[in-house]
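**Q** Pasting a structure below so you can have a look.
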Amino acid sequence: MELLYAITLAVLTSCGVYLMLRARTFPVVVGLALLSYAVNLYLFATGRLGDAAPAVLGKAGVYADPLPQALVLTAIVIGFAMTAYALVLALRAQGELDSDHVDGKGDH
Amino acid sequence: MTLALIVILPLLGSLLPLLFKNQGRSLCATMAMVAPVIGLALLWRHADAVFAGQTLIQSRPWLSELGLNISFRLDGLSFLFALMIQGIGLLVILYARYYLSKNDPMGRFFCYLQLFMSAMLGVVLSENLLLLMVFWEMTSLSSFLLIGYWSHSTDARKGARMALAVTGAGGLALLAGILLLGQIVGSYELTDVFAAGEQIRQHALYPVILVLVLLGVFTKSAQFPFHFWLPHAMAAPTPVSAYLHSATMVKAGVFLLARLYPALAGTDLWFYIVSSAGMATLLVGACTALFQHDLKGLLAYSTISHLGLITLLFGLDTRLAAVAAVFHIINHATFKASLFMAAGIIDHETGTRDMRRINGLLRFMPHTAVLAMVAASAMAGVPLLNGFLSKEMFFTETLEQHMLGNWSWLIPLGATLGGVFSVAYSLRFVHDVFFNGKPVNLPKYPPHEPPRYMRVPVEILVVMCLAVGLAPGFTVAGLLAVAAESTVSNALPEYSLAIWHGFNLPLFMSFAAMVLGILVYSLRRPLFDWYARQRDVDAKLVFEAAVQRLVRGAGQITLLLENASLQRYLLCLLLAALVVTGFWLLQLPALRGPVALTPIDGVTLAGAVLTMLSAVATAYWHRLRLVSLVTLSVVGLGVVLAFARFAAPDLALTQISVEVVTIVLLMLALFFLPARTPRESSGLRRGRDLIIALLCGALVGALAFAMLTRPYDSIADFFLANSVTGGGGHNVVNVILVDFRGFDTMGEITVLAIAAIAIYALIDGLRLRVPGADSLGKPWAQRGDLLMLVNLSHVLLPLALMISVYIFLRGHNLPGGGFIAGLITAVALILQYVASGEAWTAQRWPVNYHWLAGAGVLIAGATGVGSWAFGYPFLTSSFGHFHIPLVGEIELATAMLFDLGVYLTVVGATLLILANLGKLPQSRVVGGDF
């Protein structure tokens with residue numbers, strides 16, 4: 001399972017990074033979103049994978065590590081804010097420069 | 001803390017002239033005098049103790065961990081300097097009252113002057129070396145303001161910048177030296193540093209410390225080869241030159257030399273560096289001074305030369321050298337300040353400072369002429385004046401130092417040569433200005449005596465020159481003794497300040513200097529011609545060129561990295577991450593750790609493969625933006641499933657709500673952006689990016705695998721054990737968020753709110769072209785009544801809101817909480833915007849999202865502050881069981897109130913972003929085809 005998880009992370013990261021290196025704003029934002037998934041999954045995995053029960057105290061004996069989960073929960077919300085900010089920045093650039101090139105180069 | 005008060009008074013007093021700047025010039029100047037007068041009175045209260053040889057130390061801890069304390073010290077040396085700074089400061093204020101023209105902003109001048117006075121007093125009264133350093137930098141800054149006072153003049157601006165650059169750079173070196181010193185001693189208090197003198201001198205780092213400290217000293221005191229800034233600082237108003245560049249600031253360097261004398265002096269290295277720098281400065285300054293045609297230029301180079309003399313004395317390190325040095329500090333301050341003031345009067349009354357034009361002024365201003373002549377004679381070292389006494393002592397000491405063996409005679413020879421030129425330029429000052437025929441083409445003619453009170457400060461200083469010169473025993477002896485004693489930190493050997501010591505070698509040297517000096521002056525014509533033929537190196541041009549080269553170089557390096565290309569920046573960042581992380585990863589003996597792998601089940605495998613395929617599809621079809629958006633959402637769902645699979649229901653709930661919001665947002669943005677990405681990267685470029693992407697992916701994958709197969713220690717047990725007893729909740733993730741790590745969450749929702757406001761600001765005023773047709777040229781539908789969606793969404797809204805309340809309430813004990821409930825509410829509301837339009841929703845749901853987000857942060861903050869009222873630390877939660885009719889027994893925690901803050905912030909921030917973006921097409925239609 002660990003190997004599968006690591007490979008999934010690798011694929012997500014590769015795709016995210018490739019898109020972030022593109023020259024247009026929209027793919028970059030999409031790449032950022034993909035990279036955020038990978039990073040969140042990575043942070044989450046620091047609590048290790050396994051068959052533990054969710055950290056809701058009850059009858060179960062072994063609980064999953066709640067700390068990375070709490071961390072990732074806020075990271076997801078902040079990640080949304082970041083994606084939104086990058087996207088609106090792209091829109092602003094489109095509005096001001098009439099171009100969606102990441103460096104604001106005009107294509108008209 | 002009277003000593004601290006002496007330092008702070010001028011700082012407070014600097015505001016007074018600003019307050020009274022429109023109430024008349026005299027009142028403004030009087031107000032500027034308030035602080036130094038009180039300061040002098042305070043200083044006088046300690047005079048008895050100081051003259052009894054006591055050292056007064058007043059200390060209060062500040063940042064003791066760093067060794068920085070507010071501690072002040074008053075001993076003979078600091079008493080002398082504080083007296084000079086405040087005394088001469090008062091005279092300068094009186095003088096400046098008449099010097100400044102009606103167009104000069106007087107309030108600002110006196111404000112700067114007192115800022116400087118405060119800094120300078122801080123330097124001389126500090127007991128803590130770090131504190132001293134702070135004031136040291138303050139003197140550099142305030143002198144920058146004073147030199148650049150006439151900011152309309154290019155010379156003033158450039159001179160100020162040069163002075164700041166040179167003294168500031170020296171200050172950095174000094175700071176490094178002081179830090180090393182403190183490291184060795186273990187304390188920055190001067191008392192401890194003095195006690196550890198032997199330890200410092202024996203230390204391996206002693207040469208480094210010495211050089212660093214001396215760099216600070218030499219730049220500040222304009223020692224060769226850093227002397228070039230001082231003549232350019234003469235662009236300052238003359239009161240500033242009289243105060244800063246003769247009596248005080250340039251003396252800060254030699255003061256530090258005296259202050260650290262017990263700790264650093266007494267080695268061969270000290271002798272070689274300090275005395276050779278002093279000797280070079282003495283000679284260069286004295287020679288150059290003779291050739292200056294500018295009155296203030298002559299005085300500036302003469303100041304450099306006298307500073308060199310003082311430095312040389314400290315460097316000689318003989319029996320009485322320190323006494324002679326301190327004595328010359330006093331004498332130089334009196335005669336040079338009065339000479340600067342006289343030069344200022346002449347400039348003021350004739351309109352020029354060129355000595356080739358101002359001649360024969362004796363006839364026009366006899367009173368000033370007499371004063372200037374006496375002061376100039378003191379500078380030349382004429383008997384019966386104070387300059388003579390310290391110069392005799394100086395000559396005596398040069399004969400005492402035999403470190404150079406057979407070449408020791410070089411020192412008295414150099415000293416005499418300095419004396420020759422000093423006589424020559426003093427003579428030039430007197431003869432050229434007051435005699436030597438008639439004035440040539442003066443801008444103001446005829447010149448006359450200055451206002452009565454402008455002369456008073458000069459008179460006072462000249463009387464002091466005479467009094468010290470005639471009766472040293474009655475005037476200066478006591479002060480000199482305590483000051484010199486605290487300089488060397490020891491009892492002084494016997495010495496006498498008598499005018500007549502009999503016929504001896506020093507007297508002969510003085511005599512020779514007089515005669516040769518007159519001879520040199522009488523030969524001035526051929527000498528001036530010779531000097532005029534020399535290639536003139538303008539220090540300012542050289543310095544400016546060096547500064548501009550530096551700026552250009554820095555600009556080029558910056559451009560190399562910052563070429564305004566996001567792709568380049570990302571590339572640099574990614575490569576750095578690859579190298580740094582990859583290097584450490586390669587150090588691992590084996591990638592796979594000792595922990596056994598868990599088996600893979602079919603469902604998880606299918607989910608993972610789907611997620612990976614979607615991610616690849618997103619990248620592959622990225623030029624078809626809508627397609628890649630759809631595949632991106634599949635990846636998001638895969639992530640949701642992964643959270644659910646690995647026991648994180650809270651995360652799964654959060655991710656799926658965020659997923660909805662994100663995709664809606666991206667769809668909205670895509671409406672305005674081109675639907676396709678043009679193919680513009682070359683194949684080579686794409687190949688390069690692909691390799692980097694694959695490497696990054698491999699790195700992250702390897703890192704994750706290495707981590708997952710290694711054992712770990714978690715602090716999770718603490719949270720699991722204390723969640724119920726400490727936080728009153730069974731859902732540990734939520735308890736961590738709102739209780740254990742509530743402060744983090746507080747920061748997090750603040751960031752969220754700030755991001756939302758920033759996005760709002762970006763959207764505000766944004767004008768976007770609204771496309772009329774899609775990329776294939778098919779026109780967009782103008783009316784979009786989605787009957788099914790509208791009706792469904794209306795039915796769904798109350799249900800969704802109810803569920804979000806339920807999720808919110810149960811959050812403390814079951815998966816849920818403020819974040820998730822907030823996102824569900826936001827999704828439900830966004831559905832209304834999507835289905836029924838912005839206008840319809842805004843009409844029925846008139847909520848200001850700014851207020852909502854702000855209220856959320858405030859409620860969360862208030863919950864935290866509320867704990868203070870009960871005497872607990874910030875954000876301490878409490879909980880109890882309550883019985884509510886119909887609902888029954890429930891457990892309520894204050895953390896729930898905090899969670900309410902989180903809920904409101906999330907709803908407010910999310911809708912602030914989306915609703916405003918959604919509003920764009922309605923309000924900002926510009927039209928036109930795309």
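Note on naming: chains are A, B, ... as they come in the structure tokens, residues start from 1 per chain, ligands start from 1 in the order shown.
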Residues near Trp62 in chain B, anyone? I mean within 12 Å using only C-alpha atoms, not counting same-chain ones fewer than 5 positions away, as a PyMOL selection string.

**A** chain B and resi 67-71+128+130-131

**Q** Mind writing the picked residues with all heavy atoms as a PDB file, in the first residue's frame?

**A**
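Now in out.pdb:
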```
ATOM      1  N   GLY B  67      22.494  40.236  26.293  1.00  0.00           N
ATOM      2  CA  GLY B  67      23.564  41.056  26.856  1.00  0.00           C
ATOM      3  C   GLY B  67      23.321  42.532  26.689  1.00  0.00           C
ATOM      4  O   GLY B  67      24.205  43.342  26.929  1.00  0.00           O
ATOM      5  N   LEU B  68      22.116  42.904  26.267  1.00  0.00           N
ATOM      6  CA  LEU B  68      21.821  44.318  26.044  1.00  0.00           C
ATOM      7  C   LEU B  68      21.043  44.860  27.235  1.00  0.00           C
ATOM      8  O   LEU B  68      19.932  44.413  27.521  1.00  0.00           O
ATOM      9  CB  LEU B  68      21.005  44.483  24.756  1.00  0.00           C
ATOM     10  CG  LEU B  68      20.526  45.878  24.402  1.00  0.00           C
ATOM     11  CD1 LEU B  68      21.681  46.855  24.371  1.00  0.00           C
ATOM     12  CD2 LEU B  68      19.821  45.876  23.061  1.00  0.00           C
ATOM     13  N   ASN B  69      21.679  45.786  27.949  1.00  0.00           N
ATOM     14  CA  ASN B  69      21.021  46.406  29.094  1.00  0.00           C
ATOM     15  C   ASN B  69      21.031  47.911  28.930  1.00  0.00           C
ATOM     16  O   ASN B  69      21.887  48.465  28.252  1.00  0.00           O
ATOM     17  CB  ASN B  69      21.739  46.045  30.394  1.00  0.00           C
ATOM     18  CG  ASN B  69      21.657  44.568  30.666  1.00  0.00           C
ATOM     19  OD1 ASN B  69      20.584  43.985  30.639  1.00  0.00           O
ATOM     20  ND2 ASN B  69      22.812  43.955  30.874  1.00  0.00           N
ATOM     21  N   ILE B  70      20.055  48.560  29.560  1.00  0.00           N
ATOM     22  CA  ILE B  70      20.058  50.025  29.547  1.00  0.00           C
ATOM     23  C   ILE B  70      20.969  50.450  30.692  1.00  0.00           C
ATOM     24  O   ILE B  70      20.526  50.657  31.815  1.00  0.00           O
ATOM     25  CB  ILE B  70      18.646  50.579  29.760  1.00  0.00           C
ATOM     26  CG1 ILE B  70      17.730  50.043  28.675  1.00  0.00           C
ATOM     27  CG2 ILE B  70      18.661  52.104  29.734  1.00  0.00           C
ATOM     28  CD1 ILE B  70      16.346  50.575  28.719  1.00  0.00           C
ATOM     29  N   SER B  71      22.254  50.500  30.414  1.00  0.00           N
ATOM     30  CA  SER B  71      23.140  50.893  31.501  1.00  0.00           C
ATOM     31  C   SER B  71      24.019  52.052  31.048  1.00  0.00           C
ATOM     32  O   SER B  71      24.525  52.050  29.929  1.00  0.00           O
ATOM     33  CB  SER B  71      23.986  49.703  31.960  1.00  0.00           C
ATOM     34  OG  SER B  71      24.515  49.019  30.867  1.00  0.00           O
ATOM     35  N   ASN B 128      26.939  49.956  28.384  1.00  0.00           N
ATOM     36  CA  ASN B 128      26.795  48.735  27.616  1.00  0.00           C
ATOM     37  C   ASN B 128      27.259  48.978  26.179  1.00  0.00           C
ATOM     38  O   ASN B 128      26.844  49.940  25.540  1.00  0.00           O
ATOM     39  CB  ASN B 128      25.325  48.313  27.634  1.00  0.00           C
ATOM     40  CG  ASN B 128      25.118  46.959  27.009  1.00  0.00           C
ATOM     41  OD1 ASN B 128      25.243  46.823  25.803  1.00  0.00           O
ATOM     42  ND2 ASN B 128      24.841  45.966  27.819  1.00  0.00           N
ATOM     43  N   LEU B 130      26.648  47.338  23.416  1.00  0.00           N
ATOM     44  CA  LEU B 130      25.609  47.231  22.387  1.00  0.00           C
ATOM     45  C   LEU B 130      24.765  48.493  22.363  1.00  0.00           C
ATOM     46  O   LEU B 130      24.374  48.989  21.302  1.00  0.00           O
ATOM     47  CB  LEU B 130      24.731  46.011  22.645  1.00  0.00           C
ATOM     48  CG  LEU B 130      25.404  44.670  22.437  1.00  0.00           C
ATOM     49  CD1 LEU B 130      24.464  43.538  22.812  1.00  0.00           C
ATOM     50  CD2 LEU B 130      25.853  44.516  21.009  1.00  0.00           C
ATOM     51  N   LEU B 131      24.491  49.016  23.558  1.00  0.00           N
ATOM     52  CA  LEU B 131      23.744  50.273  23.647  1.00  0.00           C
ATOM     53  C   LEU B 131      24.537  51.382  22.973  1.00  0.00           C
ATOM     54  O   LEU B 131      24.001  52.200  22.220  1.00  0.00           O
ATOM     55  CB  LEU B 131      23.497  50.604  25.112  1.00  0.00           C
ATOM     56  CG  LEU B 131      22.502  51.718  25.410  1.00  0.00           C
ATOM     57  CD1 LEU B 131      21.126  51.319  24.934  1.00  0.00           C
ATOM     58  CD2 LEU B 131      22.473  52.015  26.893  1.00  0.00           C
TER      59      LEU B 131
END
```

**Q** Residues near Leu299 in chain B, anyone? I mean within 12 Å using only C-alpha atoms, not counting same-chain ones fewer than 5 positions away, as JSON, numbers by chain.

**A** {"B": [230, 231, 233, 234, 238, 241, 242, 245, 246, 285, 286, 288, 289, 290, 291, 292, 293, 294, 304, 305, 306, 332, 335, 336, 337, 338, 339, 340, 341, 342, 343, 344, 353, 375, 376, 379, 422, 425, 426, 428, 429]}

**Q** Between A:Leu67, A:Val77, A:Leu19, A:Val28, which is the closest to Arg48 in chain A once you count only C-alpha atoms?

**A**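 Looking at the shortest contact to Arg48 in chain A, the residue is A:Leu67.
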
**Q** Name all residues at most 12 Å from range 91-94 of chain A (count only C-alpha atoms; drop same-chain ones fewer than 5 positions away) and give them as number ranges by chain.

**A** A: 24-26, 29, 84-86, 99-107; B: 665-666, 668-674, 759-770, 917, 920

**Q** Range 510-630 of chain B: which residues are helix (DSSP H, G or I) by DSSP, as an NGL selection string?

**A** :B and (510-522 or 524-533 or 539-561 or 566-586 or 602-620 or 625-630)

**Q** Write the residues of the selection above to a file with C-alpha atoms, as a short mmCIF file (atom, residue, chain, number, x, y, z; two decimals), in the first residue's frame.

**A**
```cif
data_model
loop_
_atom_site.label_atom_id
_atom_site.label_comp_id
_atom_site.auth_asym_id
_atom_site.auth_seq_id
_atom_site.Cartn_x
_atom_site.Cartn_y
_atom_site.Cartn_z
CA SER B 510 58.11 73.87 18.48
CA PHE B 511 60.56 76.60 17.56
CA ALA B 512 61.65 74.78 14.43
CA ALA B 513 58.03 74.25 13.42
CA MET B 514 57.34 77.98 13.82
CA VAL B 515 60.30 79.11 11.77
CA LEU B 516 59.90 76.50 9.05
CA GLY B 517 56.15 77.07 8.95
CA ILE B 518 56.66 80.79 8.27
CA LEU B 519 59.21 79.84 5.63
CA VAL B 520 56.79 77.44 3.92
CA TYR B 521 54.08 80.10 3.91
CA SER B 522 56.40 82.66 2.39
CA ARG B 524 53.43 79.59 -1.01
CA ARG B 525 53.29 80.96 -4.57
CA PRO B 526 55.57 78.31 -6.14
CA LEU B 527 53.99 75.69 -3.88
CA PHE B 528 50.46 76.58 -5.00
CA ASP B 529 51.59 76.50 -8.60
CA TRP B 530 53.11 73.09 -8.04
CA TYR B 531 49.92 71.84 -6.35
CA ALA B 532 47.75 73.19 -9.15
CA ARG B 533 49.78 71.14 -11.63
CA ALA B 539 37.18 61.98 -3.92
CA LYS B 540 33.54 62.66 -4.61
CA LEU B 541 33.79 61.60 -8.24
CA VAL B 542 35.74 58.48 -7.36
CA PHE B 543 33.27 57.63 -4.64
CA GLU B 544 30.23 58.29 -6.82
CA ALA B 545 31.71 56.18 -9.59
CA ALA B 546 32.35 53.35 -7.15
CA VAL B 547 28.81 53.59 -5.79
CA GLN B 548 27.35 53.56 -9.27
CA ARG B 549 29.46 50.59 -10.30
CA LEU B 550 28.20 48.78 -7.22
CA VAL B 551 24.57 49.62 -7.97
CA ARG B 552 24.99 48.56 -11.60
CA GLY B 553 26.63 45.30 -10.56
CA ALA B 554 23.90 44.58 -8.05
CA GLY B 555 21.31 45.39 -10.70
CA GLN B 556 22.88 42.98 -13.15
CA ILE B 557 22.98 40.17 -10.62
CA THR B 558 19.38 40.86 -9.70
CA LEU B 559 18.34 40.85 -13.35
CA LEU B 560 20.05 37.54 -13.81
CA LEU B 561 17.67 35.97 -11.30
CA LEU B 566 7.43 33.35 -13.61
CA GLN B 567 8.67 30.30 -15.48
CA ARG B 568 12.28 31.21 -14.65
CA TYR B 569 11.49 31.74 -10.96
CA LEU B 570 9.63 28.46 -10.70
CA LEU B 571 12.46 26.69 -12.44
CA CYS B 572 14.98 28.10 -9.93
CA LEU B 573 12.77 27.17 -6.98
CA LEU B 574 12.17 23.65 -8.24
CA LEU B 575 15.82 23.04 -9.02
CA ALA B 576 16.79 24.31 -5.56
CA ALA B 577 14.22 22.01 -3.96
CA LEU B 578 15.50 19.10 -6.04
CA VAL B 579 19.13 19.69 -5.14
CA VAL B 580 18.63 20.39 -1.44
CA THR B 581 16.17 17.59 -0.75
CA GLY B 582 17.73 15.19 -3.21
CA PHE B 583 21.14 15.55 -1.62
CA TRP B 584 19.90 14.41 1.78
CA LEU B 585 17.74 11.70 0.30
CA LEU B 586 20.80 10.23 -1.39
CA GLY B 602 -8.51 -4.05 -5.01
CA VAL B 603 -10.76 -1.06 -4.38
CA THR B 604 -7.90 1.12 -3.22
CA LEU B 605 -5.85 0.08 -6.21
CA ALA B 606 -8.67 0.97 -8.58
CA GLY B 607 -9.09 4.36 -6.87
CA ALA B 608 -5.39 5.10 -7.05
CA VAL B 609 -5.14 4.15 -10.71
CA LEU B 610 -8.16 6.30 -11.55
CA THR B 611 -6.64 9.24 -9.68
CA MET B 612 -3.31 8.84 -11.44
CA LEU B 613 -4.91 8.49 -14.86
CA SER B 614 -6.99 11.61 -14.28
CA ALA B 615 -3.93 13.55 -13.19
CA VAL B 616 -2.07 12.49 -16.33
CA ALA B 617 -5.12 13.38 -18.41
CA THR B 618 -5.26 16.81 -16.76
CA ALA B 619 -1.69 17.45 -17.76
CA TYR B 620 -2.00 15.88 -21.18
CA ARG B 625 -9.03 23.81 -20.57
CA LEU B 626 -12.55 22.57 -19.88
CA VAL B 627 -11.48 18.97 -20.32
CA SER B 628 -8.56 19.38 -17.99
CA LEU B 629 -10.89 21.02 -15.45
CA VAL B 630 -13.18 18.00 -15.52
#
```

**Q** Could you name the residues that touch range 395-400 of chain B at 12 Å or less, counting only C-alpha atoms, but leaving out those on the same chain fewer than 4 positions away, as a PyMOL selection string?

**A** chain B and resi 275+279+309-310+312-325+381+388-391+404-405+407-419+495+501+504-513

**Q** Taking only C-alpha atoms into account, name the residue in B:Val213, B:Ala477, B:Ala652, B:Ile184 that is nearest to Gln69 in chain A.

**A** B:Ala652

**Q** Extract, using only C-alpha atoms, all DNA, RNA and protein residues at most 9 Å from Val11 in chain A, discarding same-chain residues fewer than 3 positions from it, and format them as a PyMOL selection string.

**A** (chain A and resi 6-8+14-16+38) or (chain B and resi 612-613+615-616+694+697-698+701)

**Q** The selected residues should be written to file as an mmCIF file, in the first residue's frame (atoms: N, CA, C and O atoms).

**A**
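Result written to result22.cif:
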```cif
data_model
loop_
_atom_site.group_PDB
_atom_site.id
_atom_site.type_symbol
_atom_site.label_atom_id
_atom_site.label_comp_id
_atom_site.auth_asym_id
_atom_site.auth_seq_id
_atom_site.Cartn_x
_atom_site.Cartn_y
_atom_site.Cartn_z
ATOM 1 N N ALA A 6 2.916 6.155 -2.569
ATOM 2 C CA ALA A 6 4.051 6.979 -2.983
ATOM 3 C C ALA A 6 4.018 7.223 -4.484
ATOM 4 O O ALA A 6 4.263 8.354 -4.939
ATOM 5 N N ILE A 7 3.651 6.185 -5.249
ATOM 6 C CA ILE A 7 3.606 6.352 -6.708
ATOM 7 C C ILE A 7 2.509 7.355 -7.087
ATOM 8 O O ILE A 7 2.702 8.225 -7.947
ATOM 9 N N THR A 8 1.360 7.237 -6.417
ATOM 10 C CA THR A 8 0.281 8.191 -6.688
ATOM 11 C C THR A 8 0.770 9.621 -6.444
ATOM 12 O O THR A 8 0.538 10.532 -7.246
ATOM 13 N N SER A 14 4.290 15.203 -10.399
ATOM 14 C CA SER A 14 4.846 15.401 -11.740
ATOM 15 C C SER A 14 3.885 16.203 -12.603
ATOM 16 O O SER A 14 4.272 17.192 -13.247
ATOM 17 N N CYS A 15 2.620 15.789 -12.604
ATOM 18 C CA CYS A 15 1.641 16.488 -13.439
ATOM 19 C C CYS A 15 1.499 17.939 -12.977
ATOM 20 O O CYS A 15 1.433 18.867 -13.794
ATOM 21 N N GLY A 16 1.453 18.133 -11.646
ATOM 22 C CA GLY A 16 1.313 19.498 -11.104
ATOM 23 C C GLY A 16 2.487 20.363 -11.514
ATOM 24 O O GLY A 16 2.308 21.495 -11.991
ATOM 25 N N ALA A 38 -1.181 16.837 -3.834
ATOM 26 C CA ALA A 38 -0.042 15.989 -3.495
ATOM 27 C C ALA A 38 0.530 16.375 -2.132
ATOM 28 O O ALA A 38 0.821 15.510 -1.302
ATOM 29 N N MET B 612 -4.536 8.583 -10.675
ATOM 30 C CA MET B 612 -3.312 8.836 -11.437
ATOM 31 C C MET B 612 -3.644 9.112 -12.901
ATOM 32 O O MET B 612 -3.107 10.046 -13.503
ATOM 33 N N LEU B 613 -4.555 8.302 -13.458
ATOM 34 C CA LEU B 613 -4.913 8.493 -14.864
ATOM 35 C C LEU B 613 -5.525 9.873 -15.083
ATOM 36 O O LEU B 613 -5.208 10.564 -16.058
ATOM 37 N N ALA B 615 -4.967 12.534 -13.314
ATOM 38 C CA ALA B 615 -3.927 13.548 -13.190
ATOM 39 C C ALA B 615 -3.153 13.645 -14.496
ATOM 40 O O ALA B 615 -2.899 14.748 -15.004
ATOM 41 N N VAL B 616 -2.806 12.483 -15.060
ATOM 42 C CA VAL B 616 -2.071 12.491 -16.326
ATOM 43 C C VAL B 616 -2.928 13.130 -17.414
ATOM 44 O O VAL B 616 -2.452 13.935 -18.221
ATOM 45 N N LEU B 694 9.209 15.128 -13.877
ATOM 46 C CA LEU B 694 9.375 13.731 -13.480
ATOM 47 C C LEU B 694 10.343 13.609 -12.299
ATOM 48 O O LEU B 694 10.126 12.822 -11.380
ATOM 49 N N GLY B 697 8.535 14.645 -9.208
ATOM 50 C CA GLY B 697 7.615 13.590 -8.811
ATOM 51 C C GLY B 697 8.365 12.443 -8.158
ATOM 52 O O GLY B 697 7.973 11.946 -7.095
ATOM 53 N N ALA B 698 9.467 12.029 -8.794
ATOM 54 C CA ALA B 698 10.259 10.932 -8.229
ATOM 55 C C ALA B 698 10.754 11.290 -6.832
ATOM 56 O O ALA B 698 10.737 10.465 -5.911
ATOM 57 N N GLY B 701 7.825 11.126 -4.418
ATOM 58 C CA GLY B 701 7.453 9.729 -4.218
ATOM 59 C C GLY B 701 8.458 8.998 -3.342
ATOM 60 O O GLY B 701 8.096 8.296 -2.393
#
```

**Q** Find the residues around range 83-99 of chain B up to 6 Å (only C-alpha atoms counted), leave out those fewer than 5 positions away in its own chain, and share them as a PyMOL selection string.

**A** chain B and resi 36+239+454+457

**Q** Those same residues - all heavy atoms - I'd like them written as a compact mmCIF listing (two decimals), in the first residue's frame.

**A**
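And here's again-v3.txt as it stands now:
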```txt
# COMPACT_ATOMS: atom_id res chain seq x y z
N PRO B 36 19.58 71.00 26.59
CA PRO B 36 20.98 71.00 27.02
C PRO B 36 21.21 71.72 28.34
O PRO B 36 22.08 71.29 29.12
CB PRO B 36 21.72 71.69 25.88
CG PRO B 36 20.75 71.99 24.83
CD PRO B 36 19.41 71.53 25.23
N PRO B 239 27.29 75.99 11.33
CA PRO B 239 27.13 75.55 12.73
C PRO B 239 27.28 74.03 12.85
O PRO B 239 27.82 73.54 13.84
CB PRO B 239 25.70 75.98 13.08
CG PRO B 239 25.36 77.04 12.12
CD PRO B 239 26.14 76.79 10.87
N MET B 454 25.99 86.84 17.64
CA MET B 454 26.61 85.80 16.82
C MET B 454 28.08 85.65 17.20
O MET B 454 28.68 84.60 17.01
CB MET B 454 26.48 86.18 15.35
CG MET B 454 26.73 85.04 14.39
SD MET B 454 26.32 85.55 12.73
CE MET B 454 26.74 84.11 11.79
N PRO B 457 29.38 83.32 21.10
CA PRO B 457 29.94 81.97 21.23
C PRO B 457 31.43 81.92 20.89
O PRO B 457 32.21 81.23 21.58
CB PRO B 457 29.15 81.15 20.22
CG PRO B 457 27.95 81.93 19.89
CD PRO B 457 28.26 83.36 20.13
```

**Q** When DSSP is applied to the backbone of this structure, which of chain A are assigned strand (DSSP E or B)? Write them out as number ranges by chain.

**A** A: 24, 53, 56, 63, 101

**Q** Grab the residues selected above and save them as a tab-separated table (two decimals), in the first residue's frame with N, CA, C and O atoms.

**A**
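Dumped everything to part_23.tsv:
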```
chain	number	residue	atom	x	y	z
A	24	ARG	N	0.87	29.79	-19.56
A	24	ARG	CA	-0.42	30.47	-19.47
A	24	ARG	C	-0.98	30.33	-18.07
A	24	ARG	O	-0.73	29.34	-17.37
A	53	ALA	N	-8.79	3.15	13.31
A	53	ALA	CA	-10.11	3.77	13.25
A	53	ALA	C	-9.95	5.28	13.22
A	53	ALA	O	-8.94	5.81	13.68
A	56	VAL	N	-12.14	9.39	16.37
A	56	VAL	CA	-13.34	9.78	17.11
A	56	VAL	C	-13.46	8.78	18.25
A	56	VAL	O	-13.67	7.58	18.00
A	63	TYR	N	-6.41	4.28	17.14
A	63	TYR	CA	-6.94	5.42	16.39
A	63	TYR	C	-5.86	5.97	15.45
A	63	TYR	O	-4.67	5.88	15.74
A	101	HIS	N	-0.86	35.33	-20.53
A	101	HIS	CA	0.50	34.82	-20.38
A	101	HIS	C	0.96	35.10	-18.94
A	101	HIS	O	0.64	36.14	-18.39
```
